[in-house]
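For reference, entry.cif is printed below; it contains mmCIF, N, CA and C atoms.
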data_protein
#
loop_
_atom_site.label_atom_id
_atom_site.label_comp_id
_atom_site.auth_asym_id
_atom_site.auth_seq_id
_atom_site.Cartn_x
_atom_site.Cartn_y
_atom_site.Cartn_z
N MET A 1 84.66 -60.34 228.13
CA MET A 1 83.88 -59.13 227.87
C MET A 1 83.61 -58.41 229.19
N ASP A 2 83.59 -57.09 229.16
CA ASP A 2 83.26 -56.30 230.34
C ASP A 2 81.82 -56.57 230.75
N ALA A 3 81.47 -56.12 231.95
CA ALA A 3 80.09 -56.24 232.42
C ALA A 3 79.17 -55.47 231.48
N LYS A 4 77.93 -55.91 231.45
CA LYS A 4 76.95 -55.24 230.60
C LYS A 4 76.70 -53.82 231.09
N LEU A 5 76.54 -52.90 230.14
CA LEU A 5 76.16 -51.54 230.49
C LEU A 5 74.69 -51.54 230.91
N ARG A 6 74.41 -50.93 232.04
CA ARG A 6 73.04 -50.82 232.55
C ARG A 6 72.46 -49.50 232.03
N VAL A 7 71.31 -49.61 231.34
CA VAL A 7 70.77 -48.48 230.60
C VAL A 7 69.33 -48.20 231.00
N ILE A 8 69.00 -46.90 231.05
CA ILE A 8 67.62 -46.44 231.17
C ILE A 8 67.28 -45.69 229.89
N VAL A 9 66.07 -45.91 229.39
CA VAL A 9 65.56 -45.19 228.22
C VAL A 9 64.39 -44.32 228.70
N ALA A 10 64.47 -43.02 228.44
CA ALA A 10 63.43 -42.08 228.86
C ALA A 10 62.92 -41.31 227.64
N ASP A 11 61.65 -41.56 227.33
CA ASP A 11 61.01 -40.88 226.20
C ASP A 11 59.51 -40.95 226.42
N ASP A 12 58.82 -39.82 226.28
CA ASP A 12 57.38 -39.81 226.51
C ASP A 12 56.59 -40.43 225.36
N GLU A 13 57.21 -40.57 224.21
CA GLU A 13 56.53 -41.16 223.05
C GLU A 13 56.79 -42.67 223.03
N ARG A 14 55.72 -43.42 223.22
CA ARG A 14 55.83 -44.88 223.32
C ARG A 14 56.54 -45.51 222.12
N PRO A 15 56.18 -45.17 220.87
CA PRO A 15 56.87 -45.79 219.73
C PRO A 15 58.38 -45.54 219.73
N ALA A 16 58.78 -44.33 220.05
CA ALA A 16 60.21 -44.00 220.08
C ALA A 16 60.92 -44.76 221.20
N ARG A 17 60.26 -44.83 222.36
CA ARG A 17 60.83 -45.54 223.51
C ARG A 17 60.99 -47.02 223.19
N LEU A 18 59.94 -47.64 222.64
CA LEU A 18 59.98 -49.07 222.31
C LEU A 18 60.99 -49.37 221.21
N PHE A 19 61.10 -48.48 220.24
CA PHE A 19 62.07 -48.66 219.16
C PHE A 19 63.49 -48.75 219.74
N LEU A 20 63.82 -47.81 220.62
CA LEU A 20 65.16 -47.79 221.20
C LEU A 20 65.39 -48.99 222.13
N VAL A 21 64.40 -49.32 222.94
CA VAL A 21 64.51 -50.49 223.82
C VAL A 21 64.72 -51.76 223.00
N ASN A 22 63.93 -51.92 221.95
CA ASN A 22 64.07 -53.11 221.10
C ASN A 22 65.44 -53.17 220.44
N LEU A 23 65.95 -52.04 220.01
CA LEU A 23 67.28 -51.98 219.42
C LEU A 23 68.35 -52.36 220.46
N LEU A 24 68.23 -51.83 221.66
CA LEU A 24 69.17 -52.14 222.73
C LEU A 24 69.09 -53.62 223.12
N ASP A 25 67.90 -54.18 223.09
CA ASP A 25 67.72 -55.58 223.46
C ASP A 25 68.42 -56.54 222.50
N THR A 26 68.76 -56.08 221.32
CA THR A 26 69.46 -56.95 220.36
C THR A 26 70.96 -57.00 220.62
N LEU A 27 71.43 -56.19 221.55
CA LEU A 27 72.87 -56.10 221.83
C LEU A 27 73.21 -56.92 223.08
N ASP A 28 74.24 -57.73 222.97
CA ASP A 28 74.62 -58.63 224.06
C ASP A 28 75.29 -57.94 225.24
N ASP A 29 75.85 -56.76 225.03
CA ASP A 29 76.64 -56.11 226.08
C ASP A 29 75.88 -55.00 226.82
N VAL A 30 74.55 -55.01 226.69
CA VAL A 30 73.71 -53.97 227.28
C VAL A 30 72.49 -54.62 227.93
N VAL A 31 72.05 -54.06 229.04
CA VAL A 31 70.79 -54.48 229.64
C VAL A 31 69.98 -53.22 229.96
N VAL A 32 68.74 -53.19 229.49
CA VAL A 32 67.84 -52.08 229.79
C VAL A 32 67.24 -52.38 231.17
N VAL A 33 67.58 -51.55 232.15
CA VAL A 33 67.12 -51.78 233.52
C VAL A 33 65.85 -51.01 233.83
N GLY A 34 65.46 -50.07 232.97
CA GLY A 34 64.24 -49.32 233.22
C GLY A 34 63.90 -48.40 232.07
N THR A 35 62.61 -48.02 232.03
CA THR A 35 62.14 -47.04 231.06
C THR A 35 61.30 -46.01 231.80
N ALA A 36 61.28 -44.81 231.27
CA ALA A 36 60.52 -43.72 231.88
C ALA A 36 59.83 -42.90 230.81
N THR A 37 58.73 -42.26 231.19
CA THR A 37 57.99 -41.42 230.25
C THR A 37 58.01 -39.94 230.64
N THR A 38 58.53 -39.64 231.83
CA THR A 38 58.62 -38.25 232.29
C THR A 38 59.99 -38.00 232.91
N GLY A 39 60.31 -36.73 233.08
CA GLY A 39 61.56 -36.37 233.72
C GLY A 39 61.60 -36.82 235.17
N ASP A 40 60.49 -36.66 235.88
CA ASP A 40 60.45 -37.08 237.29
C ASP A 40 60.65 -38.58 237.43
N GLU A 41 60.01 -39.36 236.56
CA GLU A 41 60.21 -40.82 236.56
C GLU A 41 61.67 -41.15 236.30
N THR A 42 62.27 -40.43 235.37
CA THR A 42 63.66 -40.66 235.02
C THR A 42 64.57 -40.43 236.22
N LEU A 43 64.38 -39.33 236.92
CA LEU A 43 65.19 -39.06 238.11
C LEU A 43 65.01 -40.15 239.17
N ASP A 44 63.78 -40.60 239.36
CA ASP A 44 63.51 -41.66 240.33
C ASP A 44 64.25 -42.95 239.94
N LEU A 45 64.17 -43.31 238.66
CA LEU A 45 64.85 -44.52 238.21
C LEU A 45 66.37 -44.41 238.34
N ILE A 46 66.91 -43.26 238.02
CA ILE A 46 68.35 -43.05 238.15
C ILE A 46 68.77 -43.25 239.60
N GLU A 47 68.02 -42.68 240.52
CA GLU A 47 68.34 -42.80 241.94
C GLU A 47 68.25 -44.26 242.41
N ARG A 48 67.20 -44.95 242.00
CA ARG A 48 66.97 -46.32 242.47
C ARG A 48 67.83 -47.36 241.78
N LEU A 49 68.05 -47.20 240.47
CA LEU A 49 68.68 -48.26 239.68
C LEU A 49 70.15 -48.02 239.38
N ARG A 50 70.62 -46.80 239.54
CA ARG A 50 72.03 -46.47 239.31
C ARG A 50 72.56 -46.99 237.96
N PRO A 51 71.96 -46.52 236.86
CA PRO A 51 72.40 -47.00 235.54
C PRO A 51 73.76 -46.41 235.15
N ASP A 52 74.37 -47.04 234.16
CA ASP A 52 75.60 -46.50 233.60
C ASP A 52 75.31 -45.41 232.59
N VAL A 53 74.22 -45.60 231.83
CA VAL A 53 73.87 -44.70 230.72
C VAL A 53 72.38 -44.43 230.74
N VAL A 54 72.02 -43.18 230.44
CA VAL A 54 70.61 -42.81 230.26
C VAL A 54 70.46 -42.24 228.85
N PHE A 55 69.58 -42.86 228.07
CA PHE A 55 69.20 -42.31 226.77
C PHE A 55 67.95 -41.48 227.03
N LEU A 56 68.08 -40.17 226.87
CA LEU A 56 67.10 -39.21 227.37
C LEU A 56 66.56 -38.32 226.26
N ASP A 57 65.24 -38.35 226.11
CA ASP A 57 64.58 -37.45 225.17
C ASP A 57 64.64 -36.04 225.75
N ILE A 58 64.68 -35.05 224.91
CA ILE A 58 64.70 -33.67 225.38
C ILE A 58 63.31 -33.19 225.73
N HIS A 59 62.35 -33.40 224.85
CA HIS A 59 60.99 -32.88 225.06
C HIS A 59 60.12 -33.93 225.72
N MET A 60 59.83 -33.70 227.00
CA MET A 60 58.92 -34.55 227.75
C MET A 60 58.01 -33.63 228.56
N PRO A 61 56.82 -34.10 228.89
CA PRO A 61 55.92 -33.25 229.67
C PRO A 61 56.49 -32.97 231.06
N GLY A 62 56.22 -31.79 231.57
CA GLY A 62 56.76 -31.42 232.88
C GLY A 62 58.24 -31.15 232.77
N LEU A 63 59.01 -31.89 233.54
CA LEU A 63 60.46 -31.75 233.56
C LEU A 63 61.04 -32.32 232.27
N ASP A 64 61.73 -31.48 231.49
CA ASP A 64 62.30 -31.96 230.24
C ASP A 64 63.68 -32.57 230.47
N GLY A 65 64.31 -33.04 229.41
CA GLY A 65 65.60 -33.69 229.52
C GLY A 65 66.68 -32.82 230.13
N PHE A 66 66.70 -31.54 229.77
CA PHE A 66 67.70 -30.65 230.36
C PHE A 66 67.44 -30.44 231.85
N GLY A 67 66.17 -30.39 232.22
CA GLY A 67 65.82 -30.29 233.64
C GLY A 67 66.31 -31.50 234.42
N VAL A 68 66.20 -32.68 233.82
CA VAL A 68 66.69 -33.90 234.46
C VAL A 68 68.19 -33.77 234.72
N VAL A 69 68.92 -33.37 233.70
CA VAL A 69 70.38 -33.26 233.84
C VAL A 69 70.74 -32.27 234.95
N HIS A 70 70.04 -31.15 235.02
CA HIS A 70 70.36 -30.14 236.03
C HIS A 70 70.03 -30.61 237.44
N LEU A 71 69.12 -31.58 237.57
CA LEU A 71 68.75 -32.07 238.90
C LEU A 71 69.49 -33.33 239.33
N LEU A 72 70.38 -33.82 238.49
CA LEU A 72 71.17 -34.98 238.89
C LEU A 72 72.06 -34.60 240.07
N PRO A 73 72.18 -35.50 241.05
CA PRO A 73 73.03 -35.17 242.20
C PRO A 73 74.49 -35.07 241.81
N GLU A 74 75.22 -34.33 242.59
CA GLU A 74 76.66 -34.19 242.37
C GLU A 74 77.33 -35.54 242.58
N GLY A 75 78.48 -35.71 241.98
CA GLY A 75 79.23 -36.95 242.15
C GLY A 75 79.03 -37.88 240.99
N PRO A 76 79.55 -39.08 241.12
CA PRO A 76 79.44 -40.04 240.02
C PRO A 76 77.98 -40.31 239.69
N GLY A 77 77.71 -40.39 238.44
CA GLY A 77 76.35 -40.64 237.99
C GLY A 77 76.37 -41.21 236.60
N PRO A 78 75.22 -41.36 236.01
CA PRO A 78 75.16 -41.95 234.68
C PRO A 78 75.65 -40.99 233.60
N LEU A 79 76.12 -41.57 232.53
CA LEU A 79 76.39 -40.80 231.33
C LEU A 79 75.06 -40.54 230.66
N VAL A 80 74.88 -39.35 230.13
CA VAL A 80 73.61 -38.98 229.49
C VAL A 80 73.82 -38.78 228.00
N ALA A 81 72.99 -39.46 227.23
CA ALA A 81 72.93 -39.26 225.78
C ALA A 81 71.55 -38.73 225.46
N PHE A 82 71.48 -37.57 224.86
CA PHE A 82 70.19 -37.06 224.42
C PHE A 82 69.79 -37.74 223.12
N VAL A 83 68.52 -38.10 223.04
CA VAL A 83 67.94 -38.72 221.85
C VAL A 83 66.76 -37.86 221.46
N THR A 84 66.84 -37.23 220.29
CA THR A 84 65.83 -36.24 219.92
C THR A 84 65.62 -36.22 218.41
N ALA A 85 64.51 -35.63 218.01
CA ALA A 85 64.22 -35.47 216.59
C ALA A 85 64.76 -34.16 216.04
N SER A 86 65.27 -33.30 216.92
CA SER A 86 65.73 -31.98 216.51
C SER A 86 67.24 -31.83 216.68
N ASP A 87 67.88 -31.29 215.68
CA ASP A 87 69.32 -31.05 215.75
C ASP A 87 69.62 -29.71 216.44
N GLY A 88 68.59 -28.95 216.80
CA GLY A 88 68.76 -27.60 217.30
C GLY A 88 69.28 -27.45 218.72
N TYR A 89 69.43 -28.55 219.45
CA TYR A 89 69.86 -28.47 220.84
C TYR A 89 71.26 -29.05 221.06
N ARG A 90 71.93 -29.34 219.99
CA ARG A 90 73.24 -30.00 220.09
C ARG A 90 74.23 -29.20 220.95
N ASP A 91 74.32 -27.90 220.74
CA ASP A 91 75.26 -27.08 221.51
C ASP A 91 74.90 -27.06 222.99
N LEU A 92 73.62 -26.91 223.30
CA LEU A 92 73.19 -26.90 224.69
C LEU A 92 73.45 -28.26 225.34
N ALA A 93 73.23 -29.32 224.61
CA ALA A 93 73.50 -30.66 225.14
C ALA A 93 74.97 -30.81 225.48
N GLN A 94 75.81 -30.28 224.64
CA GLN A 94 77.25 -30.33 224.89
C GLN A 94 77.61 -29.51 226.13
N GLU A 95 76.97 -28.34 226.26
CA GLU A 95 77.23 -27.47 227.42
C GLU A 95 76.88 -28.14 228.73
N VAL A 96 75.80 -28.94 228.76
CA VAL A 96 75.40 -29.58 230.02
C VAL A 96 76.11 -30.90 230.24
N GLY A 97 76.98 -31.28 229.31
CA GLY A 97 77.82 -32.45 229.53
C GLY A 97 77.33 -33.76 228.97
N ALA A 98 76.35 -33.72 228.06
CA ALA A 98 75.91 -34.97 227.44
C ALA A 98 77.07 -35.59 226.67
N PHE A 99 77.22 -36.88 226.77
CA PHE A 99 78.34 -37.53 226.09
C PHE A 99 78.01 -37.85 224.64
N GLU A 100 76.72 -37.89 224.30
CA GLU A 100 76.29 -38.14 222.92
C GLU A 100 75.01 -37.37 222.64
N TYR A 101 74.75 -37.15 221.35
CA TYR A 101 73.54 -36.49 220.88
C TYR A 101 73.08 -37.28 219.68
N LEU A 102 72.01 -38.05 219.85
CA LEU A 102 71.53 -38.95 218.81
C LEU A 102 70.24 -38.43 218.20
N LEU A 103 70.19 -38.43 216.89
CA LEU A 103 68.97 -38.01 216.19
C LEU A 103 68.09 -39.22 215.90
N LYS A 104 66.79 -39.03 216.11
CA LYS A 104 65.81 -40.08 215.82
C LYS A 104 65.56 -40.13 214.32
N PRO A 105 65.32 -41.28 213.76
CA PRO A 105 65.42 -42.59 214.39
C PRO A 105 66.88 -43.02 214.48
N VAL A 106 67.24 -43.57 215.62
CA VAL A 106 68.61 -44.00 215.87
C VAL A 106 68.89 -45.28 215.10
N THR A 107 70.02 -45.33 214.44
CA THR A 107 70.40 -46.55 213.73
C THR A 107 71.20 -47.45 214.67
N ARG A 108 71.21 -48.72 214.36
CA ARG A 108 71.97 -49.68 215.17
C ARG A 108 73.46 -49.30 215.19
N GLN A 109 73.99 -48.89 214.04
CA GLN A 109 75.40 -48.50 213.96
C GLN A 109 75.69 -47.29 214.84
N ARG A 110 74.83 -46.30 214.80
CA ARG A 110 75.02 -45.09 215.61
C ARG A 110 74.90 -45.41 217.10
N LEU A 111 73.97 -46.30 217.45
CA LEU A 111 73.80 -46.71 218.83
C LEU A 111 75.03 -47.46 219.32
N ARG A 112 75.53 -48.36 218.48
CA ARG A 112 76.75 -49.11 218.82
C ARG A 112 77.91 -48.15 219.08
N SER A 113 78.05 -47.14 218.24
CA SER A 113 79.11 -46.15 218.39
C SER A 113 78.96 -45.40 219.72
N ALA A 114 77.75 -45.01 220.05
CA ALA A 114 77.49 -44.30 221.31
C ALA A 114 77.83 -45.19 222.52
N LEU A 115 77.48 -46.45 222.44
CA LEU A 115 77.76 -47.37 223.54
C LEU A 115 79.26 -47.63 223.69
N ALA A 116 79.97 -47.70 222.58
CA ALA A 116 81.43 -47.85 222.64
C ALA A 116 82.05 -46.61 223.31
N HIS A 117 81.53 -45.45 222.96
CA HIS A 117 81.99 -44.20 223.58
C HIS A 117 81.71 -44.24 225.08
N ALA A 118 80.52 -44.70 225.46
CA ALA A 118 80.16 -44.79 226.88
C ALA A 118 81.12 -45.72 227.62
N ARG A 119 81.45 -46.84 227.02
CA ARG A 119 82.40 -47.78 227.66
C ARG A 119 83.76 -47.12 227.88
N GLU A 120 84.21 -46.37 226.90
CA GLU A 120 85.49 -45.66 227.04
C GLU A 120 85.42 -44.67 228.19
N LEU A 121 84.35 -43.91 228.24
CA LEU A 121 84.21 -42.89 229.29
C LEU A 121 84.05 -43.52 230.66
N ARG A 122 83.32 -44.63 230.75
CA ARG A 122 83.12 -45.30 232.05
C ARG A 122 84.44 -45.82 232.60
N SER A 123 85.40 -46.09 231.72
CA SER A 123 86.68 -46.60 232.19
C SER A 123 87.60 -45.47 232.68
N GLU A 124 87.22 -44.23 232.40
CA GLU A 124 87.99 -43.08 232.89
C GLU A 124 87.52 -42.72 234.29
N PRO A 125 88.43 -42.27 235.15
CA PRO A 125 88.07 -42.02 236.55
C PRO A 125 87.06 -40.89 236.78
N SER A 126 87.00 -39.89 235.92
CA SER A 126 86.12 -38.74 236.17
C SER A 126 84.97 -38.68 235.19
N SER A 127 84.35 -39.82 234.89
CA SER A 127 83.28 -39.82 233.91
C SER A 127 81.93 -39.55 234.55
N ARG A 128 81.30 -38.49 234.13
CA ARG A 128 79.93 -38.18 234.52
C ARG A 128 79.49 -36.92 233.79
N VAL A 129 78.24 -36.73 233.74
CA VAL A 129 77.72 -35.54 233.10
C VAL A 129 77.96 -34.35 234.04
N ALA A 130 78.29 -33.21 233.48
CA ALA A 130 78.50 -32.01 234.30
C ALA A 130 77.19 -31.28 234.45
N ASN A 131 76.92 -30.80 235.64
CA ASN A 131 75.69 -30.00 235.81
C ASN A 131 75.91 -28.84 236.72
#
Can you present the structure in this file as C-alpha cells?
Amino acid sequence: MDAKLRVIVADDERPARLFLVNLLDTLDDVVVVGTATTGDETLDLIERLRPDVVFLDIHMPGLDGFGVVHLLPEGPGPLVAFVTASDGYRDLAQEVGAFEYLLKPVTRQRLRSALAHARELRSEPSSRVAN
C-alpha cells in the first residue's frame, strides 16, 4: 500500500469537524495531522505540516475557504477539497482549482471516492490547487 495520505480538516463548526475527523480515522490509508477552526489557523497548519490534502469548509470566521486557497504559496502544495452545506459555490470551487466539492454530511463512500481521486492526482507530476 502507498504511504498514508496526510490530511488537515478545517471547519469552524465543531460537530462538522469532528464528524469528518472521525470518519477519516476509520480509514487505514489516511492520517489526520491537524485540525483548524479558522482560515488563518489552516494556513499556519499547511505551512508547518505540509499535508497532502486539506478538507476545507467555505464559511469560516475571518478568512474563508476561498481566501485560504488564494493565499497558498506558489509551487507544490496540498490538494484542496471544499466541504460545505451549500451547493452554490461548486463553480467557484472549480475555478480556484479544488479537486473535490463535498456536500455535508459527507458519506464514507463519497469520502473514499475523494481520497482515491486525491491519490491519483498526487501521483501526477503537476498536482496542486491553482491560485
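Here atom CA of Gly34 of chain A stands at a distance of 17.8 Å from atom C of Ala114 of chain A.
Distances here use all atoms listed in the file; by that measure, the residue among A:Ala118, A:Phe66, A:Lys4, A:Gln109 closest to Val96 of chain A is A:Phe66.
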Excluding segment 11-23 of chain A and residues on its chain fewer than 5 positions from it, collect all residues at most 6.5 Å away from it, counting all atoms listed in the file, and give them as a ChimeraX atom specification. /A:35-38,55-57,59-61
The PyMOL selection byres ((chain A and resi 27-31) around 5) - which residues does that actually catch in the file I just gave you? List them as number ranges by chain. A: 4-7, 24-26, 32-33
Please report the interatomic distance between atom CA of Arg108 of chain A and atom CA of Arg122 of chain A in Å with one decimal. 20.7 Å
DSSP says helix (DSSP H, G or I) for which residues of chain A? Put them as a VMD selection string? chain A and resid 14 to 25 39 to 49 65 to 71 87 to 95 108 to 122
Hey, can you check how far atom CA of Val69 of chain A sits from atom CA of Thr84 of chain A? 14.9 Å
Residues within 7 Å of segment 85-92 of chain A, all atoms listed in the file, excluding chain neighbours under 4 positions, as a PDB file with N, CA and C atoms, keeping the file's coordinate frame:
ATOM      1  N   ILE A  58      64.680 -35.050 224.910  1.00  0.00           N
ATOM      2  CA  ILE A  58      64.700 -33.670 225.380  1.00  0.00           C
ATOM      3  C   ILE A  58      63.310 -33.190 225.730  1.00  0.00           C
ATOM      4  N   VAL A  96      75.800 -28.940 228.760  1.00  0.00           N
ATOM      5  CA  VAL A  96      75.400 -29.580 230.020  1.00  0.00           C
ATOM      6  C   VAL A  96      76.110 -30.900 230.240  1.00  0.00           C
ATOM      7  N   GLY A  97      76.980 -31.280 229.310  1.00  0.00           N
ATOM      8  CA  GLY A  97      77.820 -32.450 229.530  1.00  0.00           C
ATOM      9  C   GLY A  97      77.330 -33.760 228.970  1.00  0.00           C
ATOM     10  N   ALA A  98      76.350 -33.720 228.060  1.00  0.00           N
ATOM     11  CA  ALA A  98      75.910 -34.970 227.440  1.00  0.00           C
ATOM     12  C   ALA A  98      77.070 -35.590 226.670  1.00  0.00           C
ATOM     13  N   TYR A 101      74.750 -37.150 221.350  1.00  0.00           N
ATOM     14  CA  TYR A 101      73.540 -36.490 220.880  1.00  0.00           C
ATOM     15  C   TYR A 101      73.080 -37.280 219.680  1.00  0.00           C
ATOM     16  N   LEU A 102      72.010 -38.050 219.850  1.00  0.00           N
ATOM     17  CA  LEU A 102      71.530 -38.950 218.810  1.00  0.00           C
ATOM     18  C   LEU A 102      70.240 -38.430 218.200  1.00  0.00           C
ATOM     19  N   LEU A 103      70.190 -38.430 216.890  1.00  0.00           N
ATOM     20  CA  LEU A 103      68.970 -38.010 216.190  1.00  0.00           C
ATOM     21  C   LEU A 103      68.090 -39.220 215.900  1.00  0.00           C
ATOM     22  N   LYS A 104      66.790 -39.030 216.110  1.00  0.00           N
ATOM     23  CA  LYS A 104      65.810 -40.080 215.820  1.00  0.00           C
ATOM     24  C   LYS A 104      65.560 -40.130 214.320  1.00  0.00           C
ATOM     25  N   PRO A 105      65.320 -41.280 213.760  1.00  0.00           N
ATOM     26  CA  PRO A 105      65.420 -42.590 214.390  1.00  0.00           C
ATOM     27  C   PRO A 105      66.880 -43.020 214.480  1.00  0.00           C
TER      28      PRO A 105
END
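Of the residues in chain A, those given strand (DSSP E or B) by DSSP on the backbone are Leu5, Arg6, Val7, Ile8, Val9, Ala10, Val30, Val31, Val32, Val33, Gly34, Thr35, Ala36, Val53, Val54, Phe55, Leu56, Asp57, Leu79, Val80, Ala81, Phe82, Val83, Thr84, Glu100, Tyr101, Leu102 and Leu103 of chain A.
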Resolved residues for the PyMOL selection byres ((chain A and resi 39) around 6.5) as a ChimeraX atom specification: /A:37-38,40-44,60-65,68
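Among A:Pro73, A:Ala116, A:Glu47, A:Val53, the residue with the shortest atom-to-atom distance to Val9 of chain A, counting all atoms listed in the file, is A:Val53.
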